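Okay, target01.cif now, which holds mmCIF, C-alpha atoms (C1' of nucleotides):
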```cif
data_model
#
loop_
_atom_site.label_atom_id
_atom_site.label_comp_id
_atom_site.auth_asym_id
_atom_site.auth_seq_id
_atom_site.Cartn_x
_atom_site.Cartn_y
_atom_site.Cartn_z
CA MET A 66 7.32 17.73 50.21
CA ALA A 67 9.74 20.57 50.73
CA VAL A 68 12.51 18.83 52.66
CA ALA A 69 13.52 22.20 54.06
CA THR A 70 16.42 24.05 52.54
CA THR A 71 19.19 23.28 55.00
CA ASN A 72 21.13 26.36 54.06
CA ARG A 73 20.50 29.09 51.65
CA MET A 74 23.45 31.35 51.03
CA THR A 75 24.47 34.58 49.43
CA GLY A 76 25.69 34.21 45.89
CA GLU A 77 29.12 35.26 47.02
CA GLU A 78 29.19 32.76 49.89
CA ARG A 79 28.08 29.96 47.64
CA ARG A 80 30.62 30.95 45.07
CA GLU A 81 33.41 30.51 47.54
CA HIS A 82 32.06 27.19 48.70
CA VAL A 83 32.02 26.01 45.12
CA LEU A 84 35.55 27.29 44.61
CA ALA A 85 36.72 25.35 47.65
CA ALA A 86 35.01 22.18 46.49
CA ALA A 87 36.35 22.59 42.98
CA LYS A 88 39.84 23.11 44.31
CA ARG A 89 39.80 19.77 46.09
CA GLU A 90 38.37 17.92 43.12
CA PHE A 91 40.56 19.52 40.49
CA ALA A 92 43.64 19.00 42.63
CA GLU A 93 42.98 15.32 42.94
CA ASN A 94 41.61 14.42 39.54
CA GLY A 95 42.69 17.19 37.20
CA TYR A 96 40.70 19.33 34.86
CA HIS A 97 39.24 16.78 32.48
CA ALA A 98 38.61 13.97 34.94
CA THR A 99 36.66 16.20 37.28
CA SER A 100 32.97 16.45 36.50
CA THR A 101 30.79 19.36 37.48
CA THR A 102 28.54 16.80 39.13
CA ARG A 103 31.25 15.82 41.57
CA ILE A 104 32.06 19.43 42.36
CA ALA A 105 28.39 20.18 42.93
CA LYS A 106 27.98 17.15 45.17
CA ARG A 107 30.92 18.18 47.28
CA ALA A 108 29.65 21.75 47.47
CA GLY A 109 26.20 20.52 48.43
CA ILE A 110 24.30 22.03 45.54
CA SER A 111 22.75 20.83 42.31
CA GLN A 112 24.92 20.48 39.25
CA PRO A 113 23.11 23.10 37.13
CA TYR A 114 23.54 25.75 39.79
CA ILE A 115 27.23 25.80 39.10
CA TYR A 116 26.37 27.39 35.80
CA ALA A 117 24.57 30.19 37.57
CA LEU A 118 27.77 30.97 39.45
CA PHE A 119 30.34 30.36 36.72
CA PRO A 120 29.83 30.62 32.96
CA ASP A 121 31.53 27.28 32.28
CA LYS A 122 33.86 24.65 33.66
CA ARG A 123 36.93 26.26 32.20
CA THR A 124 36.26 29.57 33.94
CA LEU A 125 35.75 27.76 37.22
CA PHE A 126 39.04 25.94 36.76
CA LEU A 127 40.87 29.16 36.05
CA ALA A 128 39.24 30.83 39.05
CA VAL A 129 40.57 28.02 41.22
CA TYR A 130 44.01 28.39 39.69
CA ASP A 131 44.04 32.16 40.08
CA ALA A 132 43.13 31.83 43.74
CA THR A 133 45.99 29.40 44.24
CA VAL A 134 48.39 31.78 42.54
CA ALA A 135 47.19 34.58 44.77
CA ARG A 136 47.64 32.51 47.92
CA VAL A 137 51.11 31.33 46.96
CA THR A 138 52.20 34.81 45.97
CA ALA A 139 50.91 36.34 49.19
CA ALA A 140 52.69 33.71 51.28
CA PHE A 141 55.94 34.31 49.40
CA VAL A 142 55.84 38.07 49.66
CA ALA A 143 55.02 37.93 53.36
CA ALA A 144 57.88 35.53 53.97
CA ALA A 145 60.31 37.70 52.03
CA GLU A 146 59.37 40.79 53.99
CA SER A 147 60.05 39.04 57.28
CA VAL A 148 63.82 38.89 56.83
CA GLU A 149 66.75 40.68 55.17
CA GLY A 150 69.19 39.37 52.58
CA ILE A 151 68.57 37.50 49.34
CA ASP A 152 69.44 34.03 50.58
CA GLU A 153 67.55 34.59 53.81
CA LYS A 154 64.48 35.68 51.87
CA LEU A 155 64.65 32.64 49.61
CA ALA A 156 65.04 30.39 52.61
CA ALA A 157 62.06 31.99 54.33
CA MET A 158 60.01 31.51 51.18
CA GLY A 159 61.01 27.89 51.04
CA GLU A 160 59.80 27.56 54.59
CA ALA A 161 56.53 29.19 53.61
CA TYR A 162 56.08 26.75 50.78
CA SER A 163 56.49 23.89 53.21
CA GLU A 164 53.30 24.98 54.91
CA PHE A 165 51.48 24.24 51.70
CA LEU A 166 52.98 20.79 51.88
CA GLU A 167 50.89 19.77 54.85
CA ASP A 168 47.72 20.14 52.86
CA ARG A 169 48.91 19.03 49.45
CA VAL A 170 45.88 20.43 47.70
CA GLU A 171 47.60 23.64 46.81
CA LEU A 172 50.57 21.91 45.21
CA GLN A 173 48.52 19.39 43.31
CA CYS A 174 46.41 22.22 41.97
CA GLN A 175 49.43 23.73 40.32
CA LEU A 176 50.58 20.44 38.86
CA GLN A 177 47.13 19.80 37.42
CA ALA A 178 47.00 23.26 35.96
CA HIS A 179 50.35 22.78 34.26
CA ALA A 180 49.25 19.45 32.83
CA ALA A 181 45.96 20.79 31.56
CA ALA A 182 47.73 23.72 29.97
CA ALA A 183 49.95 21.55 27.81
CA GLY A 184 47.38 20.73 25.16
CA ASP A 185 45.05 23.69 25.39
CA PRO A 186 46.32 26.97 23.96
CA ASP A 187 43.72 29.08 25.78
CA LEU A 188 44.35 27.48 29.14
CA GLN A 189 48.07 27.59 28.48
CA ALA A 190 48.08 31.34 28.02
CA ASP A 191 46.27 31.98 31.30
CA ILE A 192 48.27 29.50 33.31
CA ARG A 193 51.57 30.62 31.92
CA ALA A 194 50.58 34.14 32.93
CA GLY A 195 49.91 32.93 36.46
CA PHE A 196 53.22 31.13 36.69
CA SER A 197 55.11 34.12 35.32
CA SER A 198 53.36 36.35 37.79
CA ILE A 199 54.61 34.24 40.69
CA TRP A 200 58.07 34.22 39.15
CA ARG A 201 58.12 37.99 38.85
CA ALA A 202 56.80 38.45 42.36
CA VAL A 203 59.57 36.24 43.75
CA ALA A 204 62.19 38.02 41.66
CA LYS A 205 61.01 41.38 42.88
CA ALA A 206 60.60 40.39 46.52
CA THR A 207 64.05 38.81 46.80
CA GLY A 208 66.18 40.53 44.20
CA ALA A 209 67.70 37.13 43.40
CA ASP A 210 69.49 36.53 40.12
CA GLN A 211 68.20 34.24 37.40
CA GLU A 212 70.31 31.30 38.53
CA ARG A 213 68.95 31.33 42.06
CA LEU A 214 65.41 31.84 40.80
CA VAL A 215 65.73 28.80 38.58
CA ALA A 216 66.97 26.72 41.49
CA PHE A 217 64.18 27.98 43.72
CA PHE A 218 61.40 27.22 41.27
CA ALA A 219 62.97 23.94 40.26
CA TYR A 220 62.80 22.77 43.84
CA GLY A 221 59.19 23.94 44.02
CA MET A 222 58.28 21.88 40.97
CA LEU A 223 59.89 18.83 42.54
CA LEU A 224 57.77 19.36 45.62
CA ASN A 225 54.69 19.45 43.40
CA VAL A 226 55.60 16.12 41.89
CA GLY A 227 56.39 14.73 45.29
CA ALA A 228 52.93 15.70 46.44
CA ALA A 229 51.30 14.05 43.45
CA LEU A 230 53.27 10.83 43.67
CA ASP A 231 53.72 10.58 47.43
CA LEU A 232 57.44 10.31 46.90
CA PRO A 233 59.68 9.17 49.70
CA GLU A 234 62.71 10.82 48.05
CA VAL A 235 61.12 14.25 48.40
CA ALA A 236 59.96 14.29 51.99
CA GLU A 237 62.97 15.99 53.51
CA LYS A 238 65.41 18.87 53.10
CA GLY A 239 64.73 22.58 52.72
CA CYS A 240 66.32 23.84 49.52
CA MET B 228 33.33 -2.35 -1.41
CA ALA B 229 36.67 -3.32 0.06
CA VAL B 230 38.66 -0.12 -0.26
CA ALA B 231 41.86 -2.12 -0.14
CA THR B 232 43.78 -2.38 3.09
CA THR B 233 46.53 0.17 2.56
CA ASN B 234 48.85 -1.52 4.99
CA ARG B 235 48.49 -4.65 7.01
CA MET B 236 51.04 -5.14 9.73
CA THR B 237 52.34 -7.61 12.22
CA GLY B 238 50.70 -7.37 15.62
CA GLU B 239 53.98 -6.26 17.08
CA GLU B 240 54.51 -3.59 14.41
CA ARG B 241 51.03 -2.26 14.88
CA ARG B 242 51.46 -2.28 18.60
CA GLU B 243 54.43 0.01 18.34
CA HIS B 244 52.62 2.31 15.96
CA VAL B 245 49.80 2.57 18.45
CA LEU B 246 52.26 3.22 21.25
CA ALA B 247 53.81 6.04 19.25
CA ALA B 248 50.44 7.57 18.47
CA ALA B 249 49.31 7.24 22.06
CA LYS B 250 52.47 8.88 23.27
CA ARG B 251 51.81 11.98 21.22
CA GLU B 252 48.20 12.20 22.26
CA PHE B 253 48.70 11.49 25.93
CA ALA B 254 51.60 13.95 26.07
CA GLU B 255 49.49 16.74 24.69
CA ASN B 256 46.12 16.10 26.30
CA GLY B 257 46.78 13.91 29.29
CA TYR B 258 45.25 10.62 30.29
CA HIS B 259 41.60 11.52 30.71
CA ALA B 260 41.29 14.01 27.89
CA THR B 261 42.72 11.61 25.34
CA SER B 262 40.17 9.33 23.72
CA THR B 263 40.98 5.98 22.21
CA THR B 264 39.30 7.29 19.07
CA ARG B 265 41.93 9.99 18.67
CA ILE B 266 44.74 7.54 19.27
CA ALA B 267 43.29 5.15 16.73
CA LYS B 268 42.84 7.91 14.19
CA ARG B 269 46.44 8.97 14.58
CA ALA B 270 47.62 5.38 14.36
CA GLY B 271 45.54 4.81 11.24
CA ILE B 272 43.40 2.00 12.58
CA SER B 273 39.88 1.57 13.83
CA GLN B 274 39.15 2.38 17.45
CA PRO B 275 38.11 -1.12 18.52
CA TYR B 276 41.33 -2.63 17.26
CA ILE B 277 43.18 -0.90 20.05
CA TYR B 278 41.45 -3.34 22.37
CA ALA B 279 42.90 -6.24 20.48
CA LEU B 280 46.37 -4.88 21.18
CA PHE B 281 45.91 -3.58 24.72
CA PRO B 282 43.45 -4.79 27.33
CA ASP B 283 42.33 -1.29 28.23
CA LYS B 284 43.20 2.39 28.07
CA ARG B 285 44.98 2.36 31.40
CA THR B 286 47.35 -0.39 30.32
CA LEU B 287 48.11 1.50 27.14
CA PHE B 288 48.85 4.63 29.14
CA LEU B 289 51.18 2.77 31.45
CA ALA B 290 52.90 1.13 28.50
CA VAL B 291 53.57 4.57 27.08
CA TYR B 292 54.89 5.75 30.42
CA ASP B 293 57.10 2.72 30.89
CA ALA B 294 58.60 3.23 27.46
CA THR B 295 59.37 6.84 28.34
CA VAL B 296 61.00 5.77 31.59
CA ALA B 297 63.09 3.27 29.68
CA ARG B 298 64.22 5.84 27.12
CA VAL B 299 65.09 8.44 29.74
CA THR B 300 66.95 5.92 31.85
CA ALA B 301 68.92 4.61 28.89
CA ALA B 302 69.89 8.13 27.87
CA PHE B 303 71.03 8.95 31.39
CA VAL B 304 73.04 5.83 31.87
CA ALA B 305 74.75 6.23 28.51
CA ALA B 306 75.59 9.84 29.31
CA ALA B 307 76.99 8.93 32.70
CA GLU B 308 79.20 6.24 31.22
CA SER B 309 80.72 8.70 28.76
CA VAL B 310 82.64 10.69 31.38
CA GLU B 311 84.31 10.40 34.77
CA GLY B 312 83.51 12.24 38.00
CA ILE B 313 80.20 12.85 39.74
CA ASP B 314 79.69 16.42 38.62
CA GLU B 315 80.83 15.59 35.12
CA LYS B 316 78.36 12.72 34.97
CA LEU B 317 75.50 14.90 36.19
CA ALA B 318 76.39 17.56 33.66
CA ALA B 319 76.48 15.01 30.86
CA MET B 320 73.08 13.74 31.94
CA GLY B 321 71.72 17.25 31.95
CA GLU B 322 72.99 17.58 28.40
CA ALA B 323 71.26 14.34 27.50
CA TYR B 324 67.99 15.60 28.93
CA SER B 325 68.25 18.65 26.73
CA GLU B 326 67.94 16.44 23.72
CA PHE B 327 64.50 15.49 24.91
CA LEU B 328 63.73 19.19 25.01
CA GLU B 329 63.77 19.53 21.26
CA ASP B 330 60.83 17.19 20.91
CA ARG B 331 58.91 18.03 24.05
CA VAL B 332 56.75 14.94 23.81
CA GLU B 333 58.90 12.98 26.21
CA LEU B 334 58.80 15.65 28.89
CA GLN B 335 55.10 16.31 28.60
CA CYS B 336 54.50 12.60 28.90
CA GLN B 337 56.07 12.57 32.30
CA LEU B 338 54.18 15.61 33.47
CA GLN B 339 50.91 14.08 32.35
CA ALA B 340 51.73 10.84 34.08
CA HIS B 341 52.45 12.65 37.32
CA ALA B 342 49.20 14.56 37.09
CA ALA B 343 47.14 11.49 36.32
CA ALA B 344 48.75 9.66 39.21
CA ALA B 345 47.66 12.19 41.79
CA GLY B 346 44.08 11.02 42.12
CA ASP B 347 44.34 7.40 41.09
CA PRO B 348 45.94 5.03 43.61
CA ASP B 349 46.57 2.29 41.05
CA LEU B 350 48.17 4.61 38.53
CA GLN B 351 50.06 6.31 41.33
CA ALA B 352 51.73 3.10 42.43
CA ASP B 353 52.98 2.29 38.94
CA ILE B 354 54.11 5.79 38.13
CA ARG B 355 55.84 6.28 41.44
CA ALA B 356 57.67 3.05 40.75
CA GLY B 357 58.79 4.41 37.39
CA PHE B 358 59.99 7.66 38.88
CA SER B 359 61.83 5.90 41.66
CA SER B 360 63.44 3.62 39.14
CA ILE B 361 64.88 6.59 37.26
CA TRP B 362 66.01 8.10 40.55
CA ARG B 363 67.80 4.95 41.56
CA ALA B 364 69.39 4.58 38.15
CA VAL B 365 70.75 8.11 38.33
CA ALA B 366 71.97 7.58 41.87
CA LYS B 367 73.75 4.42 40.89
CA ALA B 368 75.21 5.74 37.64
CA THR B 369 76.62 8.90 39.21
CA GLY B 370 77.20 8.07 42.85
CA ALA B 371 75.89 11.52 43.71
CA ASP B 372 74.63 12.29 47.21
CA GLN B 373 71.02 13.00 48.06
CA GLU B 374 71.46 16.76 47.89
CA ARG B 375 72.79 16.72 44.37
CA LEU B 376 70.17 14.22 43.26
CA VAL B 377 67.43 16.47 44.58
CA ALA B 378 68.87 19.41 42.67
CA PHE B 379 69.21 17.34 39.52
CA PHE B 380 65.64 16.07 39.55
CA ALA B 381 64.27 19.41 40.64
CA TYR B 382 65.74 20.99 37.56
CA GLY B 383 64.29 18.20 35.45
CA MET B 384 60.83 18.84 36.83
CA LEU B 385 61.17 22.52 36.02
CA LEU B 386 62.05 21.59 32.46
CA ASN B 387 58.89 19.49 32.30
CA VAL B 388 56.79 22.44 33.36
CA GLY B 389 58.64 24.66 30.95
CA ALA B 390 57.75 22.29 28.15
CA ALA B 391 54.10 22.24 29.13
CA LEU B 392 53.74 25.99 29.53
CA ASP B 393 56.20 27.17 26.87
CA LEU B 394 57.95 29.21 29.49
CA PRO B 395 60.42 31.88 28.47
CA GLU B 396 62.09 31.74 31.90
CA VAL B 397 63.12 28.14 31.34
CA ALA B 398 64.66 28.22 27.90
CA GLU B 399 68.26 28.69 28.93
CA LYS B 400 70.94 27.45 31.31
CA GLY B 401 72.20 23.93 31.89
CA CYS B 402 71.89 23.04 35.54
"C1'" DG C 188 41.46 -23.84 5.30
"C1'" DG C 189 42.85 -21.87 9.31
"C1'" DA C 190 45.01 -18.28 11.84
"C1'" DA C 191 45.92 -13.47 12.25
"C1'" DA C 192 44.72 -8.67 11.25
"C1'" DC C 193 41.16 -5.66 11.25
"C1'" DT C 194 36.40 -3.21 11.10
"C1'" DG C 195 31.20 -1.92 11.80
"C1'" DA C 196 27.71 -1.58 14.80
"C1'" DT C 197 26.42 -0.68 19.09
"C1'" DA C 198 25.55 -0.90 24.20
"C1'" DG C 199 25.86 1.57 28.37
"C1'" DA C 200 27.61 5.20 30.91
"C1'" DT C 201 28.78 9.91 31.72
"C1'" DC C 202 29.24 14.66 31.00
"C1'" DA C 203 28.78 19.83 29.97
"C1'" DA C 204 25.39 22.89 29.37
"C1'" DT C 205 20.43 24.82 28.82
"C1'" DC C 206 15.85 25.96 30.27
"C1'" DA C 207 11.82 26.40 32.58
"C1'" DA C 208 10.21 26.43 36.94
"C1'" DT C 209 9.99 26.75 42.13
"C1'" DA C 210 11.28 28.17 46.82
"C1'" DA C 211 12.87 31.73 49.82
"C1'" DC C 212 14.23 36.25 51.09
"C1'" DT C 213 13.79 41.76 50.87
"C1'" DC C 214 11.41 45.73 51.33
"C1'" DG C 215 8.10 49.17 50.52
"C1'" DA C 216 3.17 50.25 50.94
"C1'" DA C 217 -1.32 49.72 53.08
"C1'" DT D 149 1.92 44.04 60.83
"C1'" DT D 150 0.62 42.12 57.11
"C1'" DC D 151 0.53 41.89 52.14
"C1'" DG D 152 2.51 41.41 47.89
"C1'" DA D 153 5.73 42.45 44.12
"C1'" DG D 154 10.24 41.89 42.75
"C1'" DT D 155 14.64 39.77 43.26
"C1'" DT D 156 17.76 36.14 44.35
"C1'" DA D 157 18.89 31.35 45.22
"C1'" DT D 158 18.19 26.89 43.70
"C1'" DT D 159 16.59 22.64 41.38
"C1'" DG D 160 14.50 18.86 37.98
"C1'" DA D 161 14.37 17.42 33.63
"C1'" DT D 162 16.58 16.93 29.59
"C1'" DT D 163 19.57 17.23 25.32
"C1'" DG D 164 23.15 16.04 22.46
"C1'" DA D 165 27.65 14.76 22.37
"C1'" DT D 166 31.33 11.65 23.57
"C1'" DC D 167 33.75 7.81 25.39
"C1'" DT D 168 35.20 3.00 26.80
"C1'" DA D 169 34.57 -1.49 25.81
"C1'" DT D 170 32.37 -5.67 23.55
"C1'" DC D 171 31.17 -8.74 19.89
"C1'" DA D 172 30.25 -10.59 15.80
"C1'" DG D 173 31.83 -10.54 11.44
"C1'" DT D 174 35.11 -9.72 7.30
"C1'" DT D 175 39.36 -9.52 4.86
"C1'" DT D 176 44.08 -11.06 4.02
"C1'" DC D 177 47.95 -13.87 4.31
"C1'" DC D 178 50.39 -18.57 4.81
#
```
Give the structure from the file, written as structure tokens.
Amino acid sequence: MAVATTNRMTGEERREHVLAAAKREFAENGYHATSTTRIAKRAGISQPYIYALFPDKRTLFLAVYDATVARVTAAFVAAAESVEGIDEKLAAMGEAYSEFLEDRVELQCQLQAHAAAAGDPDLQADIRAGFSSIWRAVAKATGADQERLVAFFAYGMLLNVGAALDLPEVAEKGC
Amino acid sequence: MAVATTNRMTGEERREHVLAAAKREFAENGYHATSTTRIAKRAGISQPYIYALFPDKRTLFLAVYDATVARVTAAFVAAAESVEGIDEKLAAMGEAYSEFLEDRVELQCQLQAHAAAAGDPDLQADIRAGFSSIWRAVAKATGADQERLVAFFAYGMLLNVGAALDLPEVAEKGC
DNA sequence: GGAAACTGATAGATCAATCAATAACTCGAA
DNA sequence: TTCGAGTTATTGATTGATCTATCAGTTTCC
């Protein structure tokens, strides 16, 4: 037989492909409703091979979440460095977040992570750490006070919900 | 054998007991990670009997969500009626929402509903309808403009996340 | 005795994870 | 320049657990 291996990859390459596939699936269906079979199918590999790349489903989920945190943080910091003044920085960061809006995957990922964290102490610890890390990065990059930070993140959370629900009420305005 | 039925109830009574049990379970673990077995165990009945009270798990989940929407809406409307002035009404409603904070179940329920809705068109339609209904109720009860409504709901969403993650950053302030 | 409340048993599907095995690439030696 | 040994990538088969939903039957009350 030997149907010809269409594409054999480096472990590292494959790992990133799996991460990308998992991101899409987790974003849409959440942690528990996403099966490793679906992720594997989307990544174009067999289901058991996932376990050669990640020790378990939970670790894969957290890897996806950590990557999202890293991307969001990087976008925020870059935006903040592009202008001067606290309010200007916050506005620029709001703009940056809007880019994530086009492809809602990033936002839904966060929402799913927060939901999954609620009932799972281990997950909760890691995900709270990720959230706090973004919070601290924004605080440091802007120098904003607690009140403005709360408003900024509150609006971000509303955008997340808007992305999940396809809300008409949350398709406009910029903070 | 016949171990003696400890407590036999009306269908309606039992239904509400199941709703209460389901609320706790869904709030903590979300739609997919909550099994009907766990709900039944918490409600003190056998698992199959749930299907005599609700046609399926999805309907039960939506019933829980609808009840939450009703409670939140009622609390908001009552708070708004207690004072005069748009800002005063919004502040009173923020106060009312804080009451839900003590028992985080209500907040987590919403977060879980939003997450479950993301990847399920049918669920999404119902849950978006619930969210919009709260939004409209608040708009009508306060007469606030879109900008203030966005800020109000944004803060609410942040509280939801705070409840799910046990965030230190979101344990203070009142809008 | 008949309706309403309730359970036991179970079918059928799915899922995370393990294991043994195979295919393909790398690179040094002949 | 080929051979082959070792390494890396990848899969098939399978296990045991779990979950939704159904159905037939039993208890309890009026």
If we count all atoms listed in the file and set the cut-off at 7 Å, which residues sit around range 300-302 of chain B, ignoring sequence neighbours fewer than 4 positions away in its own chain? Please answer as a CSV table (one decimal) with C-alpha atoms, in the coordinates of the input.
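And here is the file that came out, part.csv:
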```csv
chain,number,residue,atom,x,y,z
B,296,VAL,CA,61.0,5.8,31.6
B,306,ALA,CA,75.6,9.8,29.3
B,323,ALA,CA,71.3,14.3,27.5
B,361,ILE,CA,64.9,6.6,37.3
B,364,ALA,CA,69.4,4.6,38.2
```
Write out as a short mmCIF file (atom, residue, chain, number, x, y, z; two decimals) with C-alpha atoms (C1' of nucleotides), keeping the file's coordinate frame every residue belonging to chain D that has an atom at most 10 Å from any atom of chain A, counting all atoms listed in the file.
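Listed below is the output, iface21.cif:
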```cif
data_model
loop_
_atom_site.label_atom_id
_atom_site.label_comp_id
_atom_site.auth_asym_id
_atom_site.auth_seq_id
_atom_site.Cartn_x
_atom_site.Cartn_y
_atom_site.Cartn_z
"C1'" DT D 156 17.76 36.14 44.35
"C1'" DA D 157 18.89 31.35 45.22
"C1'" DT D 158 18.19 26.89 43.70
"C1'" DT D 159 16.59 22.64 41.38
"C1'" DG D 160 14.50 18.86 37.98
#
```
Using 8 Å as the limit and counting only C-alpha atoms, can you tabulate each residue of chain B that touches chain A, with its shortest atom-to-atom distance in Å and the two atoms involved, as a tab-separated table?
```
residue	atom	partner	partner_atom	distance
B:Ala254	CA	A:Ala183	CA	8.0
B:Glu255	CA	A:Gly184	CA	4.5
B:Asn256	CA	A:Gly184	CA	4.9
B:Gly257	CA	A:Ala180	CA	7.0
B:His259	CA	A:Ala98	CA	5.7
B:Ala260	CA	A:His97	CA	5.7
B:Gln335	CA	A:Ala183	CA	7.4
B:Leu338	CA	A:Ala180	CA	6.3
B:Gln339	CA	A:Ala180	CA	5.6
B:His341	CA	A:Ala229	CA	6.4
B:Ala342	CA	A:Gln177	CA	5.6
B:Ala343	CA	A:Asn94	CA	7.0
B:Ala344	CA	A:Leu230	CA	6.5
B:Ala345	CA	A:Ala229	CA	4.4
B:Gly346	CA	A:Glu93	CA	4.5
B:Asp347	CA	A:Asn94	CA	7.7
B:Gln351	CA	A:Leu230	CA	6.0
B:Ala352	CA	A:Leu230	CA	8.0
B:Ile354	CA	A:Leu230	CA	7.5
B:Arg355	CA	A:Leu230	CA	5.7
B:Val377	CA	A:Val235	CA	7.7
B:Ala378	CA	A:Tyr220	CA	7.0
B:Phe380	CA	A:Leu223	CA	7.0
B:Ala381	CA	A:Ala219	CA	4.7
B:Tyr382	CA	A:Ala219	CA	4.9
B:Gly383	CA	A:Ala219	CA	7.6
B:Met384	CA	A:Met222	CA	5.7
B:Leu385	CA	A:Ala219	CA	4.8
B:Val388	CA	A:His179	CA	6.5
B:Ala390	CA	A:Ala183	CA	7.8
B:Ala391	CA	A:Ala183	CA	4.4
B:Leu392	CA	A:Arg193	CA	5.6
B:Asp393	CA	A:Arg193	CA	7.7
B:Leu394	CA	A:Arg193	CA	7.0
B:Val397	CA	A:Val215	CA	7.7
```
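Of the listed residues A:Glu164, A:His82, A:Arg89, A:Thr102, the one whose atoms come nearest to chain C is A:Thr102, with distances taken using all atoms listed in the file.
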On this file, the PyMOL selection byres ((chain C) within 9 of (chain B)) gives some set of residues; write that set as a PyMOL selection string.
chain C and resi 191-194
Residues picked by the PyMOL selection byres ((chain A and resi 155) around 9) here, as JSON, numbers by chain?
{"A": [141, 144, 145, 150, 151, 152, 153, 154, 156, 157, 158, 159, 160, 203, 207, 209, 213, 214, 217, 240]}
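Proximity of B:Ala270, B:Leu280, B:Val332, B:Ala366 to Lys250 in chain B, computed with only C-alpha atoms, is greatest for B:Val332.
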Quick check on the file I pasted: which residues fall under the PyMOL selection byres ((chain C and resi 199-202) around 10)? Write them as a PDB file with C-alpha atoms (C1' of nucleotides), in the frame of the given file.
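The result, stored in part-v1.pdb:
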```pdb
ATOM      1  CA  THR A  99      36.660  16.200  37.280  1.00  0.00           C
ATOM      2  CA  SER A 100      32.970  16.450  36.500  1.00  0.00           C
ATOM      3  CA  THR A 101      30.790  19.360  37.480  1.00  0.00           C
ATOM      4  CA  THR A 102      28.540  16.800  39.130  1.00  0.00           C
TER       5      THR A 102
ATOM      6  C1'  DT C 197      26.420  -0.680  19.090  1.00  0.00           C
ATOM      7  C1'  DA C 198      25.550  -0.900  24.200  1.00  0.00           C
ATOM      8  C1'  DA C 203      28.780  19.830  29.970  1.00  0.00           C
ATOM      9  C1'  DA C 204      25.390  22.890  29.370  1.00  0.00           C
TER      10       DA C 204
ATOM     11  C1'  DA D 165      27.650  14.760  22.370  1.00  0.00           C
ATOM     12  C1'  DT D 166      31.330  11.650  23.570  1.00  0.00           C
ATOM     13  C1'  DC D 167      33.750   7.810  25.390  1.00  0.00           C
ATOM     14  C1'  DT D 168      35.200   3.000  26.800  1.00  0.00           C
ATOM     15  C1'  DA D 169      34.570  -1.490  25.810  1.00  0.00           C
TER      16       DA D 169
END
```
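The spacing separating CA of Pro120 in chain A from C1' of DT155 in chain D amounts to 20.5 Å.
For the set A:Arg136, A:Lys205, A:Arg169, A:Arg80, the residue with the smallest atom-to-atom gap to Tyr116 in chain A is A:Arg80, counting only C-alpha atoms.
Counting from CA of Thr295 in chain B, the distance to CA of Glu239 in chain B is 18.1 Å.
One finds CA of Phe126 in chain A at 12.3 Å from CA of Asp187 in chain A.
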